[in-house]
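Participant: For reference, this is data21.txt, and it has compact mmCIF, C-alpha atoms and all ligand atoms.
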# COMPACT_ATOMS: atom_id res chain seq x y z
CA MET A 257 9.68 0.03 17.52
CA LYS A 258 9.39 -1.25 13.96
CA ALA A 259 6.24 -0.54 11.98
CA LEU A 260 6.65 -3.80 10.09
CA VAL A 261 8.82 -6.86 10.48
CA ILE A 262 8.64 -9.67 7.93
CA GLU A 263 10.69 -12.81 8.50
CA ASN A 264 11.17 -15.53 5.95
CA LEU A 265 7.76 -15.00 4.39
CA GLN A 266 6.77 -17.64 1.88
CA LYS A 267 3.79 -17.98 -0.39
CA THR A 268 2.94 -20.80 -2.72
CA TYR A 269 -0.16 -20.41 -4.88
CA GLY A 270 -1.89 -23.72 -5.53
CA ASN A 271 0.45 -26.66 -5.15
CA HIS A 272 3.42 -25.45 -7.08
CA PHE A 273 3.75 -21.79 -7.87
CA VAL A 274 6.17 -20.16 -5.44
CA ALA A 275 5.39 -16.43 -5.46
CA LEU A 276 7.43 -15.54 -2.35
CA LYS A 277 10.60 -17.49 -1.66
CA GLY A 278 11.15 -16.45 1.95
CA ILE A 279 11.43 -12.69 2.15
CA THR A 280 12.74 -10.75 5.13
CA LEU A 281 12.38 -7.02 5.58
CA GLU A 282 11.83 -4.28 8.13
CA VAL A 283 10.16 -0.90 8.00
CA LYS A 284 10.86 1.67 10.71
CA GLN A 285 8.13 3.59 12.44
CA GLY A 286 7.53 6.87 10.60
CA ASP A 287 9.28 5.69 7.47
CA PHE A 288 8.21 6.23 3.89
CA PHE A 289 9.17 2.92 2.36
CA ALA A 290 9.06 1.63 -1.21
CA LEU A 291 8.71 -1.96 -2.28
CA LEU A 292 9.94 -1.71 -5.80
CA GLY A 293 9.90 -4.40 -8.44
CA PRO A 294 8.75 -5.44 -11.89
CA ASN A 295 5.33 -6.89 -12.65
CA GLY A 296 4.89 -10.33 -11.19
CA ALA A 297 7.66 -9.88 -8.60
CA GLY A 298 5.39 -10.53 -5.61
CA LYS A 299 4.58 -7.01 -4.40
CA SER A 300 0.80 -7.42 -4.23
CA THR A 301 1.18 -10.85 -2.67
CA THR A 302 3.35 -9.37 0.10
CA ILE A 303 0.91 -6.54 0.72
CA GLY A 304 -2.06 -8.89 0.62
CA ILE A 305 -0.48 -10.98 3.37
CA ILE A 306 0.33 -7.94 5.54
CA SER A 307 -3.29 -6.81 5.24
CA SER A 308 -4.68 -10.29 5.97
CA LEU A 309 -6.30 -10.65 2.54
CA ILE A 310 -4.01 -13.49 1.49
CA THR A 311 -2.92 -16.38 3.70
CA LYS A 312 0.82 -16.99 3.92
CA SER A 313 2.44 -20.39 3.46
CA ALA A 314 5.17 -19.81 6.04
CA GLY A 315 7.01 -17.07 7.89
CA LYS A 316 6.23 -14.32 10.35
CA VAL A 317 4.71 -10.87 9.98
CA SER A 318 4.31 -8.34 12.74
CA VAL A 319 2.95 -4.81 12.64
CA PHE A 320 3.93 -2.40 15.43
CA GLY A 321 4.98 -5.37 17.51
CA MET A 322 1.74 -7.29 16.94
CA ASP A 323 2.09 -10.71 15.40
CA LEU A 324 -0.49 -11.21 12.63
CA ASP A 325 -1.12 -14.79 13.75
CA GLN A 326 -1.59 -13.90 17.39
CA GLU A 327 -3.35 -10.54 17.22
CA PRO A 328 -4.95 -10.39 13.76
CA GLU A 329 -7.80 -8.03 14.67
CA GLU A 330 -5.58 -5.56 16.52
CA ALA A 331 -3.11 -5.57 13.64
CA LYS A 332 -5.87 -4.97 11.08
CA ARG A 333 -7.09 -1.92 12.96
CA ILE A 334 -3.83 -0.06 12.55
CA ILE A 335 -3.41 -0.77 8.84
CA GLY A 336 -5.02 1.17 6.01
CA LEU A 337 -4.84 -0.44 2.59
CA VAL A 338 -5.22 1.06 -0.87
CA PRO A 339 -5.43 -1.96 -3.17
CA GLN A 340 -4.10 -2.06 -6.71
CA GLU A 341 -7.55 -2.58 -8.24
CA PHE A 342 -10.67 -0.52 -7.57
CA ASN A 343 -12.78 -2.54 -5.14
CA CYS A 344 -15.42 -0.15 -3.81
CA ASN A 345 -19.10 -0.86 -4.28
CA GLY A 346 -19.81 1.10 -7.45
CA PHE A 347 -23.47 1.54 -6.56
CA GLU A 348 -22.80 3.07 -3.17
CA LYS A 349 -22.47 6.83 -2.67
CA ILE A 350 -18.95 7.78 -1.78
CA PHE A 351 -19.82 9.39 1.55
CA ASN A 352 -21.53 6.13 2.53
CA ILE A 353 -18.54 4.09 1.42
CA LEU A 354 -16.48 5.84 4.08
CA ILE A 355 -19.23 5.48 6.69
CA THR A 356 -19.53 1.76 5.94
CA GLN A 357 -15.77 1.39 6.26
CA ALA A 358 -15.74 3.25 9.59
CA GLY A 359 -18.47 0.84 10.72
CA TYR A 360 -16.13 -2.12 10.21
CA TYR A 361 -13.84 -0.59 12.79
CA GLY A 362 -16.66 0.09 15.23
CA ILE A 363 -16.28 3.85 14.97
CA GLU A 364 -19.22 5.71 16.46
CA PRO A 365 -21.51 7.15 13.70
CA ARG A 366 -21.09 10.80 14.72
CA ILE A 367 -17.31 10.50 14.66
CA ALA A 368 -17.50 8.49 11.44
CA ARG A 369 -19.36 11.32 9.71
CA THR A 370 -16.81 13.90 10.86
CA ARG A 371 -13.92 11.70 9.72
CA ALA A 372 -15.57 10.96 6.36
CA GLU A 373 -16.09 14.67 5.73
CA GLN A 374 -12.53 15.50 6.74
CA ARG A 375 -11.01 12.79 4.51
CA LEU A 376 -13.19 13.55 1.49
CA LYS A 377 -12.27 17.23 1.78
CA GLN A 378 -8.57 16.40 2.05
CA LEU A 379 -8.76 14.28 -1.08
CA GLY A 380 -10.78 16.84 -3.04
CA LEU A 381 -13.89 14.65 -3.20
CA TRP A 382 -16.31 16.52 -0.94
CA ASP A 383 -18.28 17.90 -3.91
CA LYS A 384 -18.77 14.33 -5.11
CA ARG A 385 -19.97 12.93 -1.79
CA ASN A 386 -23.40 12.00 -3.15
CA GLU A 387 -22.13 10.45 -6.39
CA CYS A 388 -22.08 6.70 -6.84
CA ALA A 389 -18.52 5.42 -6.94
CA ARG A 390 -18.94 3.92 -10.42
CA ASN A 391 -19.49 7.43 -11.86
CA LEU A 392 -16.07 8.68 -10.74
CA SER A 393 -13.07 9.07 -13.01
CA GLY A 394 -10.08 6.75 -12.60
CA GLY A 395 -8.16 9.36 -10.62
CA MET A 396 -11.10 10.05 -8.32
CA LYS A 397 -11.57 6.34 -7.71
CA ARG A 398 -7.97 6.16 -6.57
CA ARG A 399 -8.43 9.14 -4.25
CA LEU A 400 -11.61 7.57 -2.89
CA MET A 401 -9.68 4.44 -1.95
CA ILE A 402 -7.08 6.60 -0.17
CA ALA A 403 -9.82 8.44 1.76
CA ARG A 404 -11.40 5.11 2.70
CA ALA A 405 -8.05 3.67 3.82
CA LEU A 406 -7.56 6.61 6.20
CA VAL A 407 -11.01 6.79 7.79
CA HIS A 408 -9.87 4.90 10.92
CA ASN A 409 -6.61 6.90 11.22
CA PRO A 410 -4.27 3.93 10.64
CA ARG A 411 -0.68 4.06 11.86
CA LEU A 412 0.48 2.24 8.75
CA LEU A 413 -0.80 3.16 5.29
CA ILE A 414 -0.05 0.69 2.51
CA LEU A 415 -0.62 1.62 -1.11
CA ASP A 416 -0.32 -0.86 -3.95
CA GLU A 417 0.83 0.97 -7.09
CA PRO A 418 -1.21 4.05 -6.22
CA THR A 419 -0.17 6.08 -9.23
CA ALA A 420 -0.23 3.43 -11.96
CA GLY A 421 -2.24 4.76 -14.88
CA VAL A 422 -2.76 8.14 -13.19
CA ASP A 423 -1.98 11.35 -15.11
CA ILE A 424 1.01 13.44 -14.08
CA GLU A 425 -0.98 16.23 -12.43
CA LEU A 426 -2.85 13.88 -10.14
CA ARG A 427 0.32 11.90 -9.53
CA ARG A 428 2.01 15.06 -8.24
CA SER A 429 -0.90 15.98 -5.98
CA MET A 430 -1.02 12.43 -4.61
CA TRP A 431 2.71 12.58 -3.91
CA GLN A 432 2.21 15.80 -1.99
CA PHE A 433 -0.71 14.41 -0.02
CA LEU A 434 1.26 11.30 0.90
CA GLN A 435 4.27 13.35 1.97
CA GLU A 436 2.07 15.47 4.23
CA THR A 437 0.42 12.37 5.67
CA ASN A 438 3.84 10.87 6.38
CA ALA A 439 5.06 14.14 7.93
CA LYS A 440 2.14 13.97 10.37
CA GLY A 441 3.43 10.62 11.58
CA THR A 442 1.79 7.91 9.48
CA THR A 443 4.21 5.23 8.32
CA ILE A 444 3.75 4.64 4.59
CA ILE A 445 4.67 1.69 2.42
CA LEU A 446 4.03 1.84 -1.27
CA THR A 447 4.72 -0.53 -4.08
CA THR A 448 5.68 0.86 -7.41
CA HIS A 449 7.54 0.01 -10.53
CA TYR A 450 8.45 3.64 -11.09
CA LEU A 451 11.96 4.42 -9.88
CA GLU A 452 11.24 8.15 -10.04
CA GLU A 453 8.35 7.77 -7.63
CA ALA A 454 10.38 5.81 -5.08
CA GLU A 455 13.27 8.24 -5.45
CA ARG A 456 11.10 11.26 -4.84
CA LEU A 457 9.13 9.96 -1.89
CA CYS A 458 10.90 7.21 -0.07
CA ARG A 459 13.72 7.11 2.44
CA ASN A 460 14.14 3.36 2.45
CA ILE A 461 13.54 0.77 -0.16
CA ALA A 462 13.48 -2.92 -0.89
CA ILE A 463 13.69 -4.33 -4.39
CA ILE A 464 11.83 -7.55 -4.99
CA ASP A 465 12.32 -9.75 -8.01
CA ARG A 466 10.74 -13.14 -8.66
CA GLY A 467 9.70 -13.54 -5.05
CA ALA A 468 13.03 -12.63 -3.48
CA ILE A 469 14.39 -9.43 -1.94
CA ILE A 470 17.47 -8.49 -3.92
CA GLU A 471 18.20 -5.15 -2.24
CA HIS A 472 17.11 -3.64 1.10
CA ASN A 473 18.68 -0.30 1.91
CA SER A 474 18.27 3.42 2.20
CA MET A 475 17.32 5.08 -1.05
CA LYS A 476 20.47 7.23 -0.84
CA THR A 477 22.84 4.29 -0.42
CA LEU A 478 21.15 2.31 -3.14
CA LEU A 479 21.32 5.15 -5.64
CA THR A 480 25.07 5.46 -5.05
CA LYS A 481 25.60 1.73 -5.14
CA LEU A 482 23.68 1.05 -8.31
CA ASN A 483 23.71 3.33 -11.27
CA ARG A 484 20.40 4.38 -12.76
CA GLU A 485 20.65 2.03 -15.71
CA THR A 486 21.17 -0.99 -13.49
CA PHE A 487 18.31 0.15 -11.33
CA ILE A 488 15.95 0.53 -14.25
CA LEU A 489 17.11 -2.78 -15.64
CA TYR A 490 15.83 -4.40 -12.44
CA LEU A 491 12.44 -2.90 -13.07
CA LYS A 492 12.41 -3.83 -16.75
CA GLU A 493 10.06 -0.93 -17.27
CA PRO A 494 11.70 2.50 -17.44
CA LEU A 495 9.56 5.59 -16.98
P1 LIG A 501 3.27 -7.91 -8.42
O1 LIG A 501 2.25 -7.26 -7.55
O2 LIG A 501 4.68 -7.63 -8.02
O3 LIG A 501 3.06 -7.60 -9.87
P2 LIG A 501 1.95 -10.37 -7.59
O4 LIG A 501 2.20 -10.50 -6.15
O5 LIG A 501 0.62 -9.90 -8.03
O6 LIG A 501 3.11 -9.51 -8.27
O7 LIG A 501 2.20 -11.79 -8.26
C1 LIG A 501 3.39 -12.54 -8.04
C2 LIG A 501 3.28 -13.82 -8.84
O8 LIG A 501 2.26 -14.65 -8.30
C3 LIG A 501 2.94 -13.61 -10.31
O9 LIG A 501 3.65 -14.54 -11.08
C4 LIG A 501 1.46 -13.87 -10.36
O10 LIG A 501 1.08 -14.33 -11.63
C5 LIG A 501 1.28 -14.94 -9.29
N1 LIG A 501 -0.05 -14.88 -8.66
C6 LIG A 501 -0.59 -13.80 -8.04
N2 LIG A 501 -1.81 -14.11 -7.54
C7 LIG A 501 -2.04 -15.41 -7.84
C8 LIG A 501 -3.11 -16.34 -7.60
N3 LIG A 501 -4.21 -15.95 -6.92
N4 LIG A 501 -2.98 -17.59 -8.06
C9 LIG A 501 -1.86 -17.99 -8.72
N5 LIG A 501 -0.82 -17.19 -8.98
C10 LIG A 501 -0.89 -15.91 -8.56
MG MG A 502 0.75 -5.95 -8.02
Now, as a test, write the supplied structure out as structure tokens.
Ligand code: ADP
Ligand code: MG
Facilitator:
Amino acid sequence: MKALVIENLQKTYGNHFVALKGITLEVKQGDFFALLGPNGAGKSTTIGIISSLITKSAGKVSVFGMDLDQEPEEAKRIIGLVPQEFNCNGFEKIFNILITQAGYYGIEPRIARTRAEQRLKQLGLWDKRNECARNLSGGMKRRLMIARALVHNPRLLILDEPTAGVDIELRRSMWQFLQETNAKGTTIILTTHYLEEAERLCRNIAIIDRGAIIEHNSMKTLLTKLNRETFILYLKEPL
């Protein structure tokens, strides 16, 4: 079974601006997949549609065989999203942020507390559990969003530029955490404009540019097909 199937997905913002020109892609169950592309390519739009935050203009999306139009609630339950921008309630304590999130999924309070503790410990945030989110550093805010995205044990974890603006040490520890999470069976999709990140983590990759998929392949094949310079040229933003 495929973790994600997108067919001819289109998005027009307002009346005219075509952000997605009909993209088609597939992500296998258990994969670690990168959606790579320069700023403005349409990565966040794609992810927003998969996570039901943005309405599509046309096309089909299904997650683990569930069509988003037909089974939206079921599909939402198996997706965990780490958005590009910090969107937690800054005035809420971080332990409560996870409990609130678990509540959205109807998780029983006792189990929610156990899960929240487990996730905060995994992400190195347990000591901060009684801090308000707004007092956290940038890196901690990012880790908080990862903990929150995992509180309902999603089958598919989607991260939108998780390491943008994050220092190298935290970037490395996030890479390791994501690799471990993937090894335990969670399918992961991340967007990035860092080639090095995709190269290190991902088995399969799609490159998106101006709302169109221009490559969709295994990382290995793509690296042999394109040389590094061409690759980086696509991204317009070398590391
Ligand atoms: P990426 O995440 O790859 O940087 P986005 O999906 O955020 O790209 O944006 C793709 C294009 O759609 C960009 O040109 C962006 O300016 C435009 N866009 C994104 N969101 C909106 C919106 N709410 N209204 C109008 N245009 C938007
Ligand atoms: Mg984006």
Participant: Could you give me, as a list in words, the residues within 9 Å of Ala389 (chain A), counting all atoms listed in the file and dropping anything in the same chain fewer than 3 positions from it?
Facilitator: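 Non-adjacent residues within range: Cys344, Asn345, Gly346, Phe347, Glu348, Lys349, Ile350, Ile353, Leu392, Ser393, Met396, Lys397 and Leu400 of chain A.
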Participant: Identify which of the residues A:Leu324, A:Leu415, A:Met430, A:Ala403 lies closest to ligand LIG 501 (chain A), counting all atoms listed in the file when measuring atom-to-atom distances.
Facilitator: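 When distances to ligand LIG 501 (chain A) are compared using all atoms listed in the file, the smallest one comes from A:Leu415.
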Participant: Have a look at A:Asn295, A:Thr419, A:Gln378, A:Ser308 and name the one nearest to ligand MG 502 (chain A); count all atoms listed in the file.
Facilitator: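 Closest to ligand MG 502 (chain A) of all the choices is A:Asn295.
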Participant: Using only C-alpha atoms, can you tell me which of A:Ala290, A:Glu425, A:Lys440, A:Tyr361 comes closest to Arg456 (chain A)?
Facilitator: A:Ala290
Participant: Got a sec to check which residues lie within 10 Å of ligand LIG 501 (chain A), using only C-alpha atoms and all ligand atoms, and send them as a CSV table (one decimal) with C-alpha atoms, keeping the file's coordinate frame?
Facilitator:
chain,number,residue,atom,x,y,z
A,267,LYS,CA,3.8,-18.0,-0.4
A,268,THR,CA,2.9,-20.8,-2.7
A,269,TYR,CA,-0.2,-20.4,-4.9
A,270,GLY,CA,-1.9,-23.7,-5.5
A,271,ASN,CA,0.4,-26.7,-5.2
A,272,HIS,CA,3.4,-25.4,-7.1
A,273,PHE,CA,3.8,-21.8,-7.9
A,274,VAL,CA,6.2,-20.2,-5.4
A,275,ALA,CA,5.4,-16.4,-5.5
A,276,LEU,CA,7.4,-15.5,-2.4
A,291,LEU,CA,8.7,-2.0,-2.3
A,292,LEU,CA,9.9,-1.7,-5.8
A,293,GLY,CA,9.9,-4.4,-8.4
A,294,PRO,CA,8.8,-5.4,-11.9
A,295,ASN,CA,5.3,-6.9,-12.6
A,296,GLY,CA,4.9,-10.3,-11.2
A,297,ALA,CA,7.7,-9.9,-8.6
A,298,GLY,CA,5.4,-10.5,-5.6
A,299,LYS,CA,4.6,-7.0,-4.4
A,300,SER,CA,0.8,-7.4,-4.2
A,301,THR,CA,1.2,-10.8,-2.7
A,302,THR,CA,3.4,-9.4,0.1
A,303,ILE,CA,0.9,-6.5,0.7
A,304,GLY,CA,-2.1,-8.9,0.6
A,305,ILE,CA,-0.5,-11.0,3.4
A,310,ILE,CA,-4.0,-13.5,1.5
A,340,GLN,CA,-4.1,-2.1,-6.7
A,416,ASP,CA,-0.3,-0.9,-4.0
A,417,GLU,CA,0.8,1.0,-7.1
A,447,THR,CA,4.7,-0.5,-4.1
A,448,THR,CA,5.7,0.9,-7.4
A,449,HIS,CA,7.5,0.0,-10.5
A,464,ILE,CA,11.8,-7.6,-5.0
A,465,ASP,CA,12.3,-9.8,-8.0
A,466,ARG,CA,10.7,-13.1,-8.7
A,467,GLY,CA,9.7,-13.5,-5.0
Participant: CA of Leu451 (chain A) to CA of Asp423 (chain A): how many Å, to one decimal?
Facilitator: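 For CA of Leu451 (chain A) relative to CA of Asp423 (chain A), the distance reads 16.4 Å.
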Participant: Determine the axis-aligned bounding box of all atoms of region 385-391 of chain A present in the file, pad each side by 3 Å, and express its centre and edge lengths in Å to one decimal place as JSON.
Facilitator:
{"center_x": -21.0, "center_y": 8.4, "center_z": -6.8, "size_x": 10.9, "size_y": 15.0, "size_z": 16.1}
Participant: For CA of Arg404 (chain A) and CA of Leu260 (chain A), quote the distance in Å rounded to one decimal.
Facilitator: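 If I compute the distance from CA of Arg404 (chain A) to CA of Leu260 (chain A), I get 21.4 Å.
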Participant: From the set A:Leu354, A:Ile367, A:Leu337, A:Ala405, which residue has the shortest atom-to-atom contact distance to Trp382 (chain A), counting only C-alpha atoms?
Facilitator: A:Leu354
Participant: In terms of the shortest atom-to-atom distance over only C-alpha atoms and all ligand atoms, which of A:Pro328, A:Gly315, A:Gly359, A:Pro418 is closest to ligand MG 502 (chain A)?
Facilitator: A:Pro418
Participant: Between A:Leu482, A:Val407, A:Ile402, A:Ile279, which is the closest to Pro339 (chain A) once you count all atoms listed in the file?
Facilitator: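 The shortest atom-to-atom distance to Pro339 (chain A) comes from A:Ile402.
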Participant: Which polymer residues have any atom within 7 Å of an atom of Leu457 (chain A), counting only C-alpha atoms, with same-chain residues fewer than 3 positions away left out, as a list of chain:residue names?
Facilitator: A:Phe288, A:Glu453, A:Ala454
Participant: So how many Å separate CA of Ala468 (chain A) and CA of Lys316 (chain A), to one decimal?
Facilitator: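 Interatomic distance here is 15.5 Å.
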Participant: Using all atoms listed in the file, collect all residues at a distance of at most 12 Å from (-6.2, 19.6, -8.9) as written in the file, then present them as a list in words.
Facilitator: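 Residues satisfying the cut-off, written out: Gln378, Leu379, Gly380, Leu381, Gly395, Met396, Arg399, Asp423, Ile424, Glu425, Leu426, Arg427, Arg428, Ser429, Met430, Gln432 and Phe433 of chain A.
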Participant: Please provide as number ranges by chain all residues within 9 Å of Gln285 (chain A), with the sequence filter that same-chain residues fewer than 2 positions apart are discarded (counting only C-alpha atoms).
Facilitator: A: 257-260, 283, 287-288, 320, 411-412, 441-443
Participant: Could the residues in this selection be written to a file with C-alpha atoms, as a PDB file, in the frame of the given file?
Facilitator:
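Just written: again06.pdb:
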ATOM      1  CA  MET A 257       9.680   0.030  17.520  1.00  0.00           C
ATOM      2  CA  LYS A 258       9.390  -1.250  13.960  1.00  0.00           C
ATOM      3  CA  ALA A 259       6.240  -0.540  11.980  1.00  0.00           C
ATOM      4  CA  LEU A 260       6.650  -3.800  10.090  1.00  0.00           C
ATOM      5  CA  VAL A 283      10.160  -0.900   8.000  1.00  0.00           C
ATOM      6  CA  ASP A 287       9.280   5.690   7.470  1.00  0.00           C
ATOM      7  CA  PHE A 288       8.210   6.230   3.890  1.00  0.00           C
ATOM      8  CA  PHE A 320       3.930  -2.400  15.430  1.00  0.00           C
ATOM      9  CA  ARG A 411      -0.680   4.060  11.860  1.00  0.00           C
ATOM     10  CA  LEU A 412       0.480   2.240   8.750  1.00  0.00           C
ATOM     11  CA  GLY A 441       3.430  10.620  11.580  1.00  0.00           C
ATOM     12  CA  THR A 442       1.790   7.910   9.480  1.00  0.00           C
ATOM     13  CA  THR A 443       4.210   5.230   8.320  1.00  0.00           C
TER      14      THR A 443
END
Participant: Applying 9 Å and all atoms listed in the file, which residues near Arg371 (chain A) remain after dropping the ones on its own chain fewer than 2 positions away? List them as JSON, numbers by chain.
Facilitator: {"A": [354, 355, 358, 366, 367, 368, 369, 373, 374, 375, 376, 406, 407, 408, 409]}
